[in-house]
$ cat input27.csv   # CSV, C-alpha atoms
chain,number,residue,atom,x,y,z
P,39,MET,CA,-32.1,-10.2,8.8
P,40,ILE,CA,-29.2,-8.1,7.3
P,41,PRO,CA,-29.5,-4.5,8.3
P,42,ARG,CA,-29.8,-2.0,5.5
P,43,PRO,CA,-27.4,1.0,5.5
P,44,SER,CA,-29.0,4.4,6.4
P,45,VAL,CA,-29.5,7.0,3.8
P,46,GLY,CA,-26.6,9.0,5.1
P,47,ARG,CA,-24.3,6.0,4.8
P,48,CYS,CA,-25.5,5.4,1.2
P,49,ALA,CA,-25.0,9.0,0.3
P,50,SER,CA,-21.5,8.9,1.9
P,51,PHE,CA,-20.6,5.8,-0.1
P,52,ALA,CA,-21.7,7.4,-3.3
P,53,LEU,CA,-18.9,9.9,-2.8
P,54,VAL,CA,-16.4,7.1,-2.4
P,55,LEU,CA,-17.5,5.7,-5.8
P,56,THR,CA,-16.7,9.0,-7.5
P,57,LEU,CA,-13.2,8.7,-6.2
P,58,THR,CA,-12.4,5.6,-8.1
P,59,GLY,CA,-14.6,6.5,-11.1
P,60,CYS,CA,-17.4,4.7,-12.8
P,61,GLY,CA,-15.3,3.0,-15.4
P,62,GLY,CA,-13.6,0.6,-12.9
P,63,ASP,CA,-10.1,0.6,-11.6
P,64,SER,CA,-7.8,1.2,-14.5
P,65,PRO,CA,-4.1,0.8,-13.8
P,66,THR,CA,-3.2,3.1,-16.7
P,67,ASP,CA,-4.8,6.2,-15.2
P,68,LEU,CA,-3.6,8.6,-12.5
P,69,THR,CA,-5.6,9.1,-9.3
P,70,ARG,CA,-6.7,12.4,-8.0
P,71,LEU,CA,-3.5,12.5,-6.0
P,72,GLY,CA,-1.4,12.1,-9.1
P,73,CYS,CA,-0.4,8.5,-8.3
P,74,GLU,CA,-0.5,5.5,-10.6
P,75,ALA,CA,-4.0,4.0,-10.3
P,76,THR,CA,-2.9,0.6,-8.9
P,77,PRO,CA,-5.3,-1.4,-6.9
P,78,PRO,CA,-3.6,-0.6,-3.6
P,79,GLN,CA,-3.5,3.1,-4.4
P,80,LEU,CA,-7.2,3.2,-5.4
P,81,LEU,CA,-8.1,1.4,-2.1
P,82,PHE,CA,-5.9,3.7,-0.1
P,83,GLU,CA,-7.7,6.8,-1.5
P,84,ALA,CA,-11.1,5.2,-1.0
P,85,ILE,CA,-10.3,4.4,2.6
P,86,ASN,CA,-9.3,8.0,3.2
P,87,GLU,CA,-12.4,9.3,1.5
P,88,VAL,CA,-14.5,7.1,3.9
P,89,ARG,CA,-12.5,8.5,6.8
P,90,ALA,CA,-13.0,12.1,5.6
P,91,LEU,CA,-16.7,11.6,5.3
P,92,ARG,CA,-16.8,10.6,8.9
P,93,GLY,CA,-14.6,13.5,10.1
P,94,ILE,CA,-11.6,11.2,10.8
P,95,ALA,CA,-8.0,12.2,9.9
P,96,PRO,CA,-6.6,10.5,6.8
P,97,LEU,CA,-4.1,7.6,7.1
P,98,SER,CA,-0.6,7.9,5.7
P,99,ILE,CA,1.2,5.0,4.0
P,100,ASP,CA,4.0,3.4,5.7
P,101,GLU,CA,6.2,1.3,3.4
P,102,ARG,CA,6.8,-1.4,6.1
P,103,LEU,CA,3.1,-1.9,6.6
P,104,ALA,CA,2.6,-2.0,2.8
P,105,SER,CA,5.3,-4.7,2.6
P,106,ALA,CA,3.7,-6.7,5.4
P,107,ALA,CA,0.3,-6.4,3.8
P,108,GLN,CA,1.6,-7.3,0.3
P,109,ALA,CA,3.4,-10.3,1.6
P,110,HIS,CA,0.2,-11.6,3.1
P,111,ALA,CA,-1.9,-10.9,0.0
P,112,ASP,CA,0.8,-12.7,-2.1
P,113,ASP,CA,0.8,-15.7,0.4
P,114,MET,CA,-3.0,-16.1,0.2
P,115,ALA,CA,-3.0,-15.9,-3.6
P,116,LEU,CA,0.0,-18.2,-4.1
P,117,ASN,CA,-1.2,-20.8,-1.5
P,118,ASN,CA,-4.9,-20.5,-2.3
P,119,PHE,CA,-6.3,-19.6,1.2
P,120,PHE,CA,-8.2,-16.8,2.8
P,121,GLU,CA,-7.4,-16.4,6.4
P,122,ARG,CA,-5.7,-14.0,8.9
P,123,THR,CA,-2.9,-16.5,9.8
P,124,GLY,CA,-0.3,-16.9,7.1
P,125,SER,CA,0.7,-20.2,5.6
P,126,ASP,CA,3.8,-20.0,7.8
P,127,GLY,CA,1.7,-19.5,11.0
P,128,ALA,CA,2.4,-15.8,11.2
P,129,SER,CA,-0.2,-13.4,12.5
P,130,VAL,CA,-0.7,-9.8,11.3
P,131,GLU,CA,1.3,-8.7,14.4
P,132,ASP,CA,4.1,-11.1,13.5
P,133,ARG,CA,4.2,-9.8,9.9
P,134,VAL,CA,4.2,-6.1,11.0
P,135,ALA,CA,7.0,-6.7,13.5
P,136,ALA,CA,9.1,-8.7,11.0
P,137,ALA,CA,8.8,-5.7,8.6
P,138,GLY,CA,10.3,-3.5,11.3
P,139,PHE,CA,7.3,-1.4,12.2
P,140,GLN,CA,7.0,-0.7,16.0
P,141,ALA,CA,3.2,-0.9,16.3
P,142,LEU,CA,1.2,0.5,19.2
P,143,PHE,CA,-1.7,-1.7,17.9
P,144,VAL,CA,-2.4,-3.5,14.6
P,145,LEU,CA,-5.8,-4.0,12.9
P,146,GLU,CA,-6.4,-5.8,9.6
P,147,ASN,CA,-9.1,-6.1,7.0
P,148,LEU,CA,-8.9,-8.8,4.3
P,149,GLY,CA,-10.8,-9.3,1.1
P,150,ALA,CA,-11.0,-12.0,-1.5
P,151,GLY,CA,-12.9,-12.3,-4.7
P,152,HIS,CA,-13.2,-8.6,-5.3
P,153,PRO,CA,-11.5,-7.6,-8.6
P,154,THR,CA,-11.6,-3.9,-7.9
P,155,ALA,CA,-11.0,-1.5,-5.0
P,156,THR,CA,-14.5,-0.1,-5.6
P,157,GLU,CA,-16.2,-3.5,-5.0
P,158,LEU,CA,-14.1,-4.2,-1.9
P,159,ILE,CA,-14.6,-0.8,-0.2
P,160,ARG,CA,-18.4,-1.2,-0.8
P,161,ASP,CA,-18.4,-4.5,1.1
P,162,TRP,CA,-16.2,-3.2,3.9
P,163,VAL,CA,-18.4,-0.1,4.3
P,164,ASP,CA,-21.4,-2.4,4.5
P,165,SER,CA,-19.8,-4.7,7.2
P,166,PRO,CA,-19.8,-3.2,10.7
P,167,SER,CA,-16.6,-5.0,11.7
P,168,HIS,CA,-14.7,-4.0,8.6
P,169,GLU,CA,-15.9,-0.4,8.6
P,170,ALA,CA,-14.8,-0.1,12.3
P,171,VAL,CA,-11.2,-0.8,11.1
P,172,LEU,CA,-11.6,1.7,8.3
P,173,ARG,CA,-12.6,4.4,10.8
P,174,VAL,CA,-10.4,3.7,13.8
P,175,ALA,CA,-9.5,7.2,15.0
P,176,ASP,CA,-6.2,6.1,16.6
P,177,GLY,CA,-4.9,4.7,13.3
P,178,THR,CA,-2.3,6.9,11.6
P,179,HIS,CA,-0.7,4.6,9.0
P,180,VAL,CA,-1.8,1.9,6.6
P,181,GLY,CA,-0.3,-0.6,4.2
P,182,ILE,CA,-2.3,-2.4,1.5
P,183,GLY,CA,-1.5,-5.6,-0.4
P,184,TYR,CA,-3.2,-6.9,-3.5
P,185,ALA,CA,-2.4,-10.1,-5.4
P,186,ARG,CA,-4.1,-11.8,-8.3
P,187,ASN,CA,-4.0,-15.5,-9.1
P,188,PRO,CA,-6.5,-16.7,-11.7
P,189,ASP,CA,-5.8,-20.3,-10.6
P,190,ALA,CA,-6.7,-19.7,-7.0
P,191,ASP,CA,-10.3,-20.1,-5.6
P,192,TRP,CA,-10.9,-16.3,-5.1
P,193,THR,CA,-8.5,-14.9,-7.8
P,194,ASP,CA,-8.1,-11.5,-6.1
P,195,TYR,CA,-6.7,-11.2,-2.6
P,196,TRP,CA,-6.4,-8.0,-0.5
P,197,SER,CA,-4.8,-7.3,2.8
P,198,MET,CA,-5.0,-3.9,4.7
P,199,THR,CA,-3.1,-3.2,7.8
P,200,VAL,CA,-3.8,-0.2,10.0
P,201,SER,CA,-1.6,0.8,12.8
P,202,ALA,CA,0.1,3.6,14.8
P,203,THR,CA,3.6,4.0,16.1
P,204,GLN,CA,5.7,6.2,18.3
P,205,GLY,CA,8.7,5.1,16.4
P,206,PRO,CA,10.0,6.4,13.0
P,207,THR,CA,7.8,6.1,10.0
P,208,GLN,CA,8.7,5.3,6.4
P,209,VAL,CA,6.3,7.3,4.3
P,210,PRO,CA,6.9,7.3,0.5
P,211,SER,CA,8.2,10.7,-0.6
P,212,ASN,CA,5.6,11.1,-3.2
P,213,GLY,CA,2.7,10.0,-0.9
P,214,CYS,CA,1.7,7.2,-3.3
P,215,HIS,CA,1.3,3.6,-2.3
P,216,PRO,CA,4.3,1.5,-3.4
$ encode --input "input27.csv" --output "C-alpha coordinates"
Amino acid sequence: MIPRPSVGRCASFALVLTLTGCGGDSPTDLTRLGCEATPPQLLFEAINEVRALRGIAPLSIDERLASAAQAHADDMALNNFFERTGSDGASVEDRVAAAGFQALFVLENLGAGHPTATELIRDWVDSPSHEAVLRVADGTHVGIGYARNPDADWTDYWSMTVSATQGPTQVPSNGCHP
(Lines of atoms letter the chains of each structure in order from A and count residues from 1; the text may use other names and numbers.)
(Lines give C-alpha, C1' and ligand atoms only; values in the text may rest on other atoms or scores of the structure.)
Protein backbone atom coordinates (compact mmCIF):
# COMPACT_ATOMS: atom_id res chain seq x y z
CA MET A 1 0.00 0.00 0.00
CA ILE A 2 1.33 3.45 -0.92
CA PRO A 3 1.16 5.86 2.04
CA ARG A 4 -0.90 8.96 1.43
CA PRO A 5 0.61 12.32 2.35
CA SER A 6 -0.71 14.01 5.48
CA VAL A 7 -2.92 17.07 5.19
CA GLY A 8 -0.01 19.26 6.28
CA ARG A 9 2.17 17.87 3.54
CA CYS A 10 -0.55 18.50 0.93
CA ALA A 11 -1.07 22.02 2.21
CA SER A 12 2.67 22.65 2.07
CA PHE A 13 2.86 21.31 -1.44
CA ALA A 14 0.04 23.61 -2.56
CA LEU A 15 2.35 26.52 -1.74
CA VAL A 16 5.06 25.02 -3.93
CA LEU A 17 2.63 24.93 -6.84
CA THR A 18 1.97 28.65 -6.47
CA LEU A 19 5.68 29.31 -6.88
CA THR A 20 5.83 27.91 -10.40
CA GLY A 21 2.35 29.03 -11.37
CA CYS A 22 -0.70 27.25 -12.65
CA GLY A 23 0.11 27.81 -16.29
CA GLY A 24 3.12 25.51 -16.39
CA ASP A 25 6.79 26.27 -16.62
CA SER A 26 7.12 28.93 -19.29
CA PRO A 27 10.72 29.78 -20.25
CA THR A 28 9.70 33.27 -21.41
CA ASP A 29 8.63 34.52 -17.98
CA LEU A 30 10.64 35.73 -15.02
CA THR A 31 10.47 33.96 -11.69
CA ARG A 32 9.68 35.68 -8.42
CA LEU A 33 13.46 36.08 -7.95
CA GLY A 34 13.68 37.98 -11.26
CA CYS A 35 15.48 35.14 -13.04
CA GLU A 36 14.66 33.66 -16.42
CA ALA A 37 12.11 30.88 -15.84
CA THR A 38 14.26 28.03 -17.13
CA PRO A 39 13.48 24.50 -15.94
CA PRO A 40 16.51 24.43 -13.58
CA GLN A 41 15.63 27.83 -12.12
CA LEU A 42 12.01 26.83 -11.54
CA LEU A 43 13.12 23.64 -9.82
CA PHE A 44 15.68 25.55 -7.74
CA GLU A 45 13.00 27.91 -6.46
CA ALA A 46 10.57 25.05 -5.79
CA ILE A 47 13.25 23.18 -3.80
CA ASN A 48 13.89 26.21 -1.63
CA GLU A 49 10.15 26.68 -1.12
CA VAL A 50 9.92 23.09 0.15
CA ARG A 51 12.85 23.76 2.47
CA ALA A 52 11.29 27.01 3.74
CA LEU A 53 8.02 25.27 4.52
CA ARG A 54 9.98 22.82 6.66
CA GLY A 55 12.03 25.51 8.41
CA ILE A 56 15.27 24.61 6.61
CA ALA A 57 17.71 27.21 5.28
CA PRO A 58 17.64 27.74 1.51
CA LEU A 59 20.27 26.27 -0.77
CA SER A 60 22.51 28.49 -2.88
CA ILE A 61 23.54 27.63 -6.40
CA ASP A 62 27.13 26.65 -7.03
CA GLU A 63 28.13 26.87 -10.68
CA ARG A 64 30.35 23.77 -10.43
CA LEU A 65 27.52 21.66 -9.00
CA ALA A 66 25.26 23.02 -11.76
CA SER A 67 27.86 22.04 -14.35
CA ALA A 68 28.16 18.51 -12.93
CA ALA A 69 24.37 18.07 -12.76
CA GLN A 70 23.89 19.45 -16.28
CA ALA A 71 26.56 17.11 -17.67
CA HIS A 72 24.74 14.11 -16.17
CA ALA A 73 21.32 15.23 -17.43
CA ASP A 74 22.82 15.74 -20.90
CA ASP A 75 24.50 12.31 -20.74
CA MET A 76 21.24 10.56 -19.79
CA ALA A 77 19.25 12.32 -22.51
CA LEU A 78 21.87 11.84 -25.24
CA ASN A 79 22.57 8.19 -24.40
CA ASN A 80 18.98 7.24 -23.52
CA PHE A 81 19.42 5.91 -19.97
CA PHE A 82 18.22 6.80 -16.49
CA GLU A 83 20.73 5.86 -13.80
CA ARG A 84 23.02 7.41 -11.21
CA THR A 85 26.16 6.09 -12.91
CA GLY A 86 27.09 7.98 -16.06
CA SER A 87 27.71 6.35 -19.43
CA ASP A 88 31.43 6.79 -18.68
CA GLY A 89 31.12 4.96 -15.33
CA ALA A 90 31.32 8.19 -13.29
CA SER A 91 29.41 8.48 -10.02
CA VAL A 92 27.91 11.71 -8.72
CA GLU A 93 30.96 12.06 -6.47
CA ASP A 94 33.22 11.67 -9.51
CA ARG A 95 31.28 14.31 -11.46
CA VAL A 96 31.36 16.80 -8.58
CA ALA A 97 35.09 16.29 -7.98
CA ALA A 98 35.83 16.65 -11.71
CA ALA A 99 33.97 19.96 -11.67
CA GLY A 100 36.33 21.18 -8.93
CA PHE A 101 33.88 21.26 -6.01
CA GLN A 102 35.46 20.12 -2.74
CA ALA A 103 32.46 18.29 -1.28
CA LEU A 104 31.96 17.35 2.35
CA PHE A 105 29.17 15.07 1.12
CA VAL A 106 27.15 14.70 -2.08
CA LEU A 107 23.50 13.72 -2.53
CA GLU A 108 21.62 13.38 -5.77
CA ASN A 109 18.03 13.23 -6.98
CA LEU A 110 17.25 12.24 -10.55
CA GLY A 111 14.06 12.53 -12.54
CA ALA A 112 12.94 11.41 -15.97
CA GLY A 113 9.72 11.75 -17.90
CA HIS A 114 8.65 14.95 -16.11
CA PRO A 115 8.30 17.81 -18.61
CA THR A 116 8.00 20.49 -15.90
CA ALA A 117 9.62 21.32 -12.58
CA THR A 118 6.14 21.35 -11.04
CA GLU A 119 5.53 17.70 -11.94
CA LEU A 120 8.99 16.68 -10.78
CA ILE A 121 8.85 18.42 -7.40
CA ARG A 122 5.43 16.86 -6.78
CA ASP A 123 6.90 13.39 -7.26
CA TRP A 124 9.99 14.14 -5.18
CA VAL A 125 7.89 15.51 -2.29
CA ASP A 126 5.74 12.37 -2.42
CA SER A 127 8.79 10.06 -2.30
CA PRO A 128 10.36 9.75 1.18
CA SER A 129 13.86 9.09 -0.18
CA HIS A 130 13.74 12.00 -2.65
CA GLU A 131 12.21 14.37 -0.14
CA ALA A 132 14.94 13.50 2.36
CA VAL A 133 17.49 14.84 -0.14
CA LEU A 134 15.42 18.01 -0.63
CA ARG A 135 15.41 18.71 3.09
CA VAL A 136 18.92 17.67 4.15
CA ALA A 137 19.77 20.36 6.69
CA ASP A 138 23.54 20.15 6.16
CA GLY A 139 23.16 20.95 2.46
CA THR A 140 24.25 24.45 1.54
CA HIS A 141 24.61 24.35 -2.25
CA VAL A 142 22.82 22.83 -5.19
CA GLY A 143 23.21 22.40 -8.91
CA ILE A 144 20.46 21.31 -11.28
CA GLY A 145 20.67 19.90 -14.76
CA TYR A 146 17.85 19.51 -17.28
CA ALA A 147 18.01 18.02 -20.76
CA ARG A 148 15.33 17.20 -23.29
CA ASN A 149 15.60 14.64 -26.07
CA PRO A 150 12.31 13.75 -27.81
CA ASP A 151 13.99 10.68 -29.31
CA ALA A 152 14.93 9.22 -25.90
CA ASP A 153 12.64 6.92 -23.90
CA TRP A 154 11.92 9.46 -21.15
CA THR A 155 12.30 12.71 -23.20
CA ASP A 156 12.96 14.93 -20.14
CA TYR A 157 15.92 14.22 -17.84
CA TRP A 158 16.76 15.97 -14.56
CA SER A 159 19.71 15.80 -12.19
CA MET A 160 19.97 17.62 -8.85
CA THR A 161 23.13 17.58 -6.77
CA VAL A 162 23.12 18.83 -3.16
CA SER A 163 26.33 19.30 -1.23
CA ALA A 164 28.32 21.39 1.22
CA THR A 165 31.94 22.49 1.18
CA GLN A 166 34.49 24.12 3.41
CA GLY A 167 36.26 25.32 0.28
CA PRO A 168 35.44 28.29 -1.93
CA THR A 169 32.07 28.53 -3.63
CA GLN A 170 31.12 29.78 -7.07
CA VAL A 171 27.73 31.39 -6.62
CA PRO A 172 26.33 33.27 -9.63
CA SER A 173 26.44 37.02 -8.99
CA ASN A 174 22.74 37.39 -9.84
CA GLY A 175 21.71 34.37 -7.73
CA CYS A 176 20.06 32.75 -10.75
CA HIS A 177 20.71 29.21 -11.91
CA PRO A 178 22.96 29.21 -14.98
$ closest_residue --input "input27.csv" --among "P:Glu101, P:Glu87, P:Asp164, P:Glu74" --to "Val209 in chain P" --atoms "all atoms listed in the file"
P:Glu101
$ closest_residue --input "input27.csv" --among "P:Val163, P:Leu148, P:Val200, P:Ala84" --to "His110 in chain P" --atoms "only C-alpha atoms"
P:Leu148
$ residues_around --input "input27.csv" --residues "range 195-199 of chain P" --least-positions-apart "3" --cutoff "7 Å" --atoms "all atoms listed in the file" --output "list of chain:residue names"
P:Leu103, P:Ala107, P:Gln108, P:His110, P:Ala111, P:Met114, P:Ala115, P:Val144, P:Leu145, P:Glu146, P:Asn147, P:Leu148, P:Gly149, P:Ala150, P:Gly151, P:Val180, P:Gly181, P:Ile182, P:Gly183, P:Tyr184, P:Ala185, P:Arg186
$ closest_residue --input "input27.csv" --among "P:Thr156, P:Thr123, P:Gln79, P:Thr178" --to "Thr207 in chain P" --atoms "only C-alpha atoms"
P:Thr178
$ atom_distance --input "input27.csv" --atom1 "CA of Asp126 in chain P" --atom2 "CA of Asp112 in chain P"
12.7 Å
$ atom_distance --input "input27.csv" --atom1 "CA of Asp161 in chain P" --atom2 "CA of Ala190 in chain P"
20.8 Å
$ closest_residue --input "input27.csv" --among "P:Leu68, P:Thr76, P:Asp132, P:Val174" --to "Val88 in chain P" --atoms "all atoms listed in the file"
P:Val174
$ residues_around --input "input27.csv" --residues "Cys214 in chain P" --least-positions-apart "3" --cutoff "9 Å" --atoms "all atoms listed in the file" --output "VMD selection string"
chain P and resid 71 to 74 79 82 99 209 to 211
